[in-house]
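Engineer: Just one file: work26.tsv, with TSV, C-alpha atoms.
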```
chain	number	residue	atom	x	y	z
A	329	GLY	CA	-62.17	-40.06	-90.79
A	330	ASP	CA	-61.74	-43.68	-89.87
A	331	SER	CA	-58.73	-45.43	-91.36
A	332	VAL	CA	-56.70	-48.65	-91.27
A	333	THR	CA	-52.94	-48.93	-91.73
A	334	GLN	CA	-51.19	-52.20	-92.45
A	335	MET	CA	-47.53	-53.04	-92.70
A	336	GLU	CA	-46.27	-52.94	-96.25
A	337	GLY	CA	-45.43	-56.13	-98.03
A	338	PRO	CA	-44.56	-58.37	-99.50
A	339	VAL	CA	-43.75	-60.51	-96.50
A	340	THR	CA	-41.69	-63.55	-97.46
A	341	LEU	CA	-41.31	-66.42	-95.00
A	342	SER	CA	-40.15	-69.98	-95.00
A	343	GLU	CA	-42.62	-72.73	-94.20
A	344	GLU	CA	-43.21	-73.19	-90.44
A	345	ALA	CA	-42.01	-69.67	-89.63
A	346	PHE	CA	-43.92	-67.37	-87.26
A	347	LEU	CA	-46.09	-64.74	-88.91
A	348	THR	CA	-47.05	-61.28	-87.71
A	349	ILE	CA	-48.83	-58.73	-89.91
A	350	ASN	CA	-49.30	-55.43	-88.14
A	351	CYS	CA	-52.54	-53.49	-88.33
A	352	THR	CA	-53.44	-50.25	-86.57
A	353	TYR	CA	-56.61	-48.25	-86.89
A	354	THR	CA	-58.11	-44.84	-86.27
A	355	ALA	CA	-61.81	-44.72	-85.50
A	356	THR	CA	-64.46	-42.84	-83.61
A	357	GLY	CA	-66.82	-44.95	-81.60
A	358	TYR	CA	-66.40	-48.69	-81.20
A	359	PRO	CA	-65.81	-50.43	-84.52
A	360	SER	CA	-65.65	-54.15	-85.16
A	361	LEU	CA	-62.35	-55.35	-86.60
A	362	PHE	CA	-61.76	-57.95	-89.29
A	363	TRP	CA	-59.08	-59.80	-91.18
A	364	TYR	CA	-59.95	-60.87	-94.72
A	365	VAL	CA	-57.82	-63.09	-96.95
A	366	GLN	CA	-57.67	-63.04	-100.74
A	367	TYR	CA	-56.19	-66.08	-102.49
A	368	PRO	CA	-54.94	-65.61	-106.06
A	369	GLY	CA	-57.78	-65.08	-108.51
A	370	GLU	CA	-60.47	-65.15	-105.84
A	371	GLY	CA	-62.60	-62.74	-103.87
A	372	LEU	CA	-62.03	-61.84	-100.25
A	373	GLN	CA	-63.02	-64.26	-97.51
A	374	LEU	CA	-63.48	-63.48	-93.87
A	375	LEU	CA	-60.61	-64.98	-91.87
A	376	LEU	CA	-61.51	-63.77	-88.37
A	377	LYS	CA	-63.14	-60.93	-86.52
A	378	ALA	CA	-63.46	-59.26	-83.12
A	379	THR	CA	-66.32	-57.05	-82.10
A	380	LYS	CA	-65.10	-55.44	-78.87
A	381	ALA	CA	-61.96	-54.58	-76.96
A	382	ASP	CA	-59.87	-57.53	-75.71
A	383	ASP	CA	-61.76	-60.00	-77.92
A	384	LYS	CA	-59.55	-62.51	-79.70
A	385	GLY	CA	-60.57	-63.72	-83.13
A	386	SER	CA	-59.16	-67.01	-84.34
A	387	ASN	CA	-59.49	-69.31	-87.34
A	388	LYS	CA	-57.29	-71.82	-89.20
A	389	GLY	CA	-54.41	-71.22	-86.78
A	390	PHE	CA	-54.53	-67.43	-87.23
A	391	GLU	CA	-55.24	-65.14	-84.27
A	392	ALA	CA	-55.72	-61.43	-83.67
A	393	THR	CA	-56.60	-59.54	-80.49
A	394	TYR	CA	-58.56	-56.29	-80.44
A	395	ARG	CA	-56.33	-53.89	-78.48
A	396	LYS	CA	-58.14	-50.64	-77.82
A	397	GLU	CA	-55.27	-49.11	-75.83
A	398	THR	CA	-52.88	-49.43	-78.77
A	399	THR	CA	-55.59	-49.28	-81.48
A	400	SER	CA	-54.17	-52.43	-83.02
A	401	PHE	CA	-55.36	-55.76	-84.41
A	402	HIS	CA	-52.20	-57.60	-85.41
A	403	LEU	CA	-52.55	-60.93	-87.24
A	404	GLU	CA	-50.39	-63.83	-86.03
A	405	LYS	CA	-49.82	-67.47	-86.90
A	406	GLY	CA	-47.37	-69.76	-85.20
A	407	SER	CA	-46.37	-71.86	-88.20
A	408	VAL	CA	-47.21	-70.79	-91.74
A	409	GLN	CA	-47.71	-73.12	-94.69
A	410	VAL	CA	-47.23	-72.60	-98.41
A	411	SER	CA	-51.03	-72.65	-98.74
A	412	ASP	CA	-51.22	-69.49	-96.59
A	413	SER	CA	-49.70	-67.46	-99.42
A	414	ALA	CA	-52.26	-64.78	-100.14
A	415	VAL	CA	-53.08	-61.11	-99.64
A	416	TYR	CA	-54.34	-60.22	-96.17
A	417	PHE	CA	-56.56	-57.22	-95.50
A	418	CYS	CA	-57.28	-55.65	-92.15
A	419	ALA	CA	-60.62	-53.83	-91.97
A	420	LEU	CA	-62.92	-52.03	-89.58
A	421	SER	CA	-66.65	-51.61	-89.74
A	422	ASP	CA	-68.42	-48.32	-89.93
A	423	ASN	CA	-70.91	-48.94	-87.14
A	424	GLY	CA	-71.09	-45.33	-86.07
A	425	SER	CA	-73.75	-42.73	-86.66
A	426	SER	CA	-73.14	-42.64	-90.41
A	427	ASN	CA	-74.24	-46.30	-90.52
A	428	THR	CA	-73.25	-47.03	-94.09
A	429	GLY	CA	-72.39	-50.63	-93.25
A	430	LYS	CA	-69.09	-49.94	-94.96
A	431	LEU	CA	-65.90	-51.80	-94.25
A	432	ILE	CA	-62.80	-49.61	-94.33
A	433	PHE	CA	-59.85	-51.62	-95.59
A	434	GLY	CA	-56.14	-51.34	-95.21
A	435	GLN	CA	-54.06	-51.51	-98.36
A	436	GLY	CA	-53.40	-55.23	-98.03
A	437	THR	CA	-50.24	-57.20	-97.22
A	438	THR	CA	-48.99	-59.89	-99.57
A	439	LEU	CA	-47.63	-62.99	-97.85
A	440	GLN	CA	-45.39	-65.40	-99.74
A	441	VAL	CA	-44.45	-68.65	-98.01
A	442	LYS	CA	-41.62	-70.64	-99.53
A	443	PRO	CA	-41.16	-74.40	-99.02
E	288	GLU	CA	-74.23	-73.17	-102.16
E	289	ALA	CA	-74.24	-69.65	-100.71
E	290	GLN	CA	-72.52	-67.32	-103.11
E	291	VAL	CA	-72.20	-63.92	-104.72
E	292	THR	CA	-71.92	-64.16	-108.49
E	293	GLN	CA	-70.46	-61.44	-110.68
E	294	ASN	CA	-70.36	-61.21	-114.46
E	295	PRO	CA	-68.33	-60.72	-116.49
E	296	ARG	CA	-65.17	-61.84	-114.69
E	297	TYR	CA	-62.96	-60.16	-117.28
E	298	LEU	CA	-63.75	-57.38	-119.71
E	299	ILE	CA	-61.75	-55.13	-122.01
E	300	THR	CA	-63.67	-52.20	-123.42
E	301	VAL	CA	-63.11	-48.77	-124.94
E	302	THR	CA	-63.69	-45.30	-123.57
E	303	GLY	CA	-67.33	-44.24	-123.67
E	304	LYS	CA	-68.91	-47.61	-124.35
E	305	LYS	CA	-71.58	-48.22	-121.70
E	306	LEU	CA	-71.25	-51.41	-119.72
E	307	THR	CA	-72.94	-53.19	-116.84
E	308	VAL	CA	-71.38	-55.55	-114.33
E	309	THR	CA	-74.02	-57.80	-112.82
E	310	CYS	CA	-74.08	-59.05	-109.25
E	311	SER	CA	-76.42	-61.60	-107.77
E	312	GLN	CA	-76.56	-63.21	-104.31
E	313	ASN	CA	-78.57	-66.21	-103.17
E	314	MET	CA	-78.42	-65.63	-99.41
E	315	ASN	CA	-81.42	-63.29	-99.09
E	316	HIS	CA	-79.13	-60.53	-97.81
E	317	GLU	CA	-80.53	-57.04	-97.39
E	318	TYR	CA	-77.20	-55.26	-97.72
E	319	MET	CA	-75.15	-55.15	-100.92
E	320	SER	CA	-72.16	-53.09	-101.92
E	321	TRP	CA	-69.63	-52.49	-104.68
E	322	TYR	CA	-65.91	-51.98	-104.09
E	323	ARG	CA	-63.00	-51.33	-106.39
E	324	GLN	CA	-59.53	-52.62	-105.63
E	325	ASP	CA	-56.46	-50.74	-106.83
E	326	PRO	CA	-52.79	-51.40	-106.04
E	327	GLY	CA	-51.65	-49.62	-102.89
E	328	LEU	CA	-55.15	-48.35	-102.12
E	329	GLY	CA	-56.88	-51.46	-100.82
E	330	LEU	CA	-60.62	-51.63	-101.42
E	331	ARG	CA	-62.77	-48.52	-101.69
E	332	GLN	CA	-66.54	-48.50	-101.56
E	333	ILE	CA	-68.34	-47.22	-104.66
E	334	TYR	CA	-72.03	-47.61	-103.78
E	335	TYR	CA	-74.06	-49.55	-101.28
E	336	SER	CA	-77.66	-50.58	-100.77
E	337	MET	CA	-79.37	-51.22	-97.45
E	338	ASN	CA	-82.40	-52.82	-99.10
E	339	VAL	CA	-84.52	-52.86	-102.24
E	340	GLU	CA	-84.86	-49.38	-103.78
E	341	VAL	CA	-82.45	-47.94	-101.19
E	342	THR	CA	-79.02	-47.02	-102.54
E	343	ASP	CA	-76.37	-44.52	-101.50
E	344	LYS	CA	-72.95	-43.29	-102.50
E	345	GLY	CA	-69.78	-44.68	-101.02
E	346	ASP	CA	-66.36	-43.06	-101.12
E	347	VAL	CA	-65.73	-43.12	-104.88
E	348	PRO	CA	-69.11	-42.98	-106.70
E	349	GLU	CA	-68.13	-40.68	-109.59
E	350	GLY	CA	-68.72	-42.28	-112.98
E	351	TYR	CA	-70.86	-45.12	-111.64
E	352	LYS	CA	-74.55	-45.85	-111.20
E	353	VAL	CA	-76.36	-48.66	-109.43
E	354	SER	CA	-79.90	-49.91	-109.03
E	355	ARG	CA	-81.59	-52.28	-106.60
E	356	LYS	CA	-84.92	-53.34	-108.03
E	357	GLU	CA	-84.76	-56.84	-106.58
E	358	LYS	CA	-83.23	-58.05	-103.35
E	359	ARG	CA	-80.84	-60.51	-104.99
E	360	ASN	CA	-79.43	-58.24	-107.76
E	361	PHE	CA	-77.25	-55.14	-107.57
E	362	PRO	CA	-75.79	-54.21	-110.98
E	363	LEU	CA	-73.00	-51.67	-111.40
E	364	ILE	CA	-73.36	-49.42	-114.44
E	365	LEU	CA	-70.61	-47.44	-116.12
E	366	GLU	CA	-72.44	-45.07	-118.46
E	367	SER	CA	-69.30	-43.72	-120.15
E	368	PRO	CA	-66.23	-45.65	-118.96
E	369	SER	CA	-62.87	-43.92	-118.82
E	370	PRO	CA	-59.36	-45.36	-118.40
E	371	ASN	CA	-59.24	-44.33	-114.72
E	372	GLN	CA	-62.01	-46.86	-114.12
E	373	THR	CA	-59.68	-49.68	-115.04
E	374	SER	CA	-59.73	-51.72	-111.87
E	375	LEU	CA	-60.76	-54.92	-110.12
E	376	TYR	CA	-64.35	-54.71	-108.93
E	377	PHE	CA	-65.95	-56.67	-106.12
E	378	CYS	CA	-69.58	-57.03	-105.19
E	379	ALA	CA	-70.38	-57.98	-101.60
E	380	SER	CA	-73.46	-58.76	-99.56
E	381	SER	CA	-74.32	-59.08	-95.91
E	382	THR	CA	-77.10	-59.64	-93.47
E	383	LYS	CA	-78.35	-56.71	-91.47
E	384	THR	CA	-79.09	-56.79	-87.77
E	385	GLY	CA	-81.38	-54.30	-86.09
E	386	THR	CA	-83.56	-51.85	-87.91
E	387	GLY	CA	-83.53	-48.34	-89.25
E	388	LYS	CA	-80.76	-45.96	-88.38
E	389	PHE	CA	-79.05	-48.34	-85.95
E	390	ALA	CA	-78.94	-51.36	-88.19
E	391	ASN	CA	-75.49	-52.88	-88.51
E	392	THR	CA	-74.12	-55.22	-91.11
E	393	GLY	CA	-72.50	-58.53	-90.40
E	394	GLU	CA	-69.83	-60.43	-92.29
E	395	LEU	CA	-69.40	-59.36	-95.89
E	396	PHE	CA	-69.51	-62.11	-98.52
E	397	PHE	CA	-67.60	-61.21	-101.66
E	398	GLY	CA	-67.92	-62.23	-105.27
E	399	GLU	CA	-64.86	-63.45	-107.16
E	400	GLY	CA	-64.23	-60.11	-108.78
E	401	SER	CA	-64.54	-58.53	-112.22
E	402	ARG	CA	-61.38	-57.24	-113.84
E	403	LEU	CA	-62.21	-54.32	-116.10
E	404	THR	CA	-59.82	-52.66	-118.52
E	405	VAL	CA	-60.87	-49.45	-120.28
E	406	LEU	CA	-58.72	-48.49	-123.27
```
Please re-express this file's structure in structure tokens.
Structural biologist:
Amino acid sequence: GDSVTQMEGPVTLSEEAFLTINCTYTATGYPSLFWYVQYPGEGLQLLLKATKADDKGSNKGFEATYRKETTSFHLEKGSVQVSDSAVYFCALSDNGSSNTGKLIFGQGTTLQVKP
Amino acid sequence: EAQVTQNPRYLITVTGKKLTVTCSQNMNHEYMSWYRQDPGLGLRQIYYSMNVEVTDKGDVPEGYKVSRKEKRNFPLILESPSPNQTSLYFCASSTKTGTGKFANTGELFFGEGSRLTVL
């Protein structure tokens, strides 16, 4: 079945460092890809998305490009801030014939940014 | 303000004592879903609903029930909770584009979560 694999955390960076969180997926058909962020004590919020190959999603300085050839959707940010500390989830949509509307999530990667 | 509201946010209960976690959304979304979040496993779908009176099982439905009598509400029912249902639960809703079999869901909006402990 469809699946998402993220790099294990926690990832600890100093403020203004470059961030990459790797995400690869396995899917039949042509899923949409998402990054969600979960701040402490809160629900998940959509950070960015891409709906087809070569699309780049971007928001709040974060970017991710839908790479069909490598089945990847890596999250990047050029200069992280302490306020970016959170758990990040990569996900794909189940838009295939089963049509459950389900998002399939990776296990989440915790990011800690130190001043 | 557009939101998904869950209650209770925190609950400690004992094995076998029936409980209901409520979920309500004010965005007129057709699609609603329940997930549970466990360490190292990410989020797993429990049940979902494409519209009023239409519900279906997700990946981990055992021990749970849902109902969708109104568009805005989608309660999660644990008839006889057990310790392995200790988890963080999220309700989510979404718009739906298209119709019938080929309808797809858009961005999921999540509630703030309900942390349940079953002793």
Engineer: Would you mind telling me which residue in E:Ser381, E:Thr342, E:Ser401, E:Ser374 lies nearest to Gln324 in chain E when using only C-alpha atoms?
Structural biologist: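 Of E:Ser381, E:Thr342, E:Ser401, E:Ser374, the one nearest Gln324 in chain E, counting only C-alpha atoms, is E:Ser374.
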Engineer: Using only C-alpha atoms and a distance of at most 6 Å, pull out the residues of chain E that contact chain A, as number ranges by chain.
Structural biologist: E: 327-330, 392, 397-400
Engineer: Tell me which protein, DNA and RNA residues are within 9 Å of Thr399 in chain A, counting all atoms listed in the file, leaving out same-chain ones fewer than 4 positions away, and put them as a list of chain:residue names.
Structural biologist: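 Close residues of Thr399 in chain A: A:Cys351, A:Thr352, A:Tyr353, A:Thr354, A:Ala355, A:Tyr394, A:Arg395.
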Engineer: Name the residues in contact with Leu363 in chain E at a cut-off of 10 Å, using only C-alpha atoms, excluding same-chain residues fewer than 4 positions from it; report them as a ChimeraX atom specification.
Structural biologist: /E:306-310,320-321,333-334,351-355,376,378
Engineer: To one decimal place, how far is CA of Val347 in chain E from CA of Gln332 in chain E in Å?
Structural biologist: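 Result for CA of Val347 in chain E versus CA of Gln332 in chain E: 6.4 Å, one decimal.
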Engineer: Here is a test: counting all atoms listed in the file, which residue of E:Tyr297, E:Glu317, E:Arg331, E:Thr404 is nearest to Ser331 in chain A?
Structural biologist: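 Ranked by minimum distance to Ser331 in chain A, first place goes to E:Arg331.
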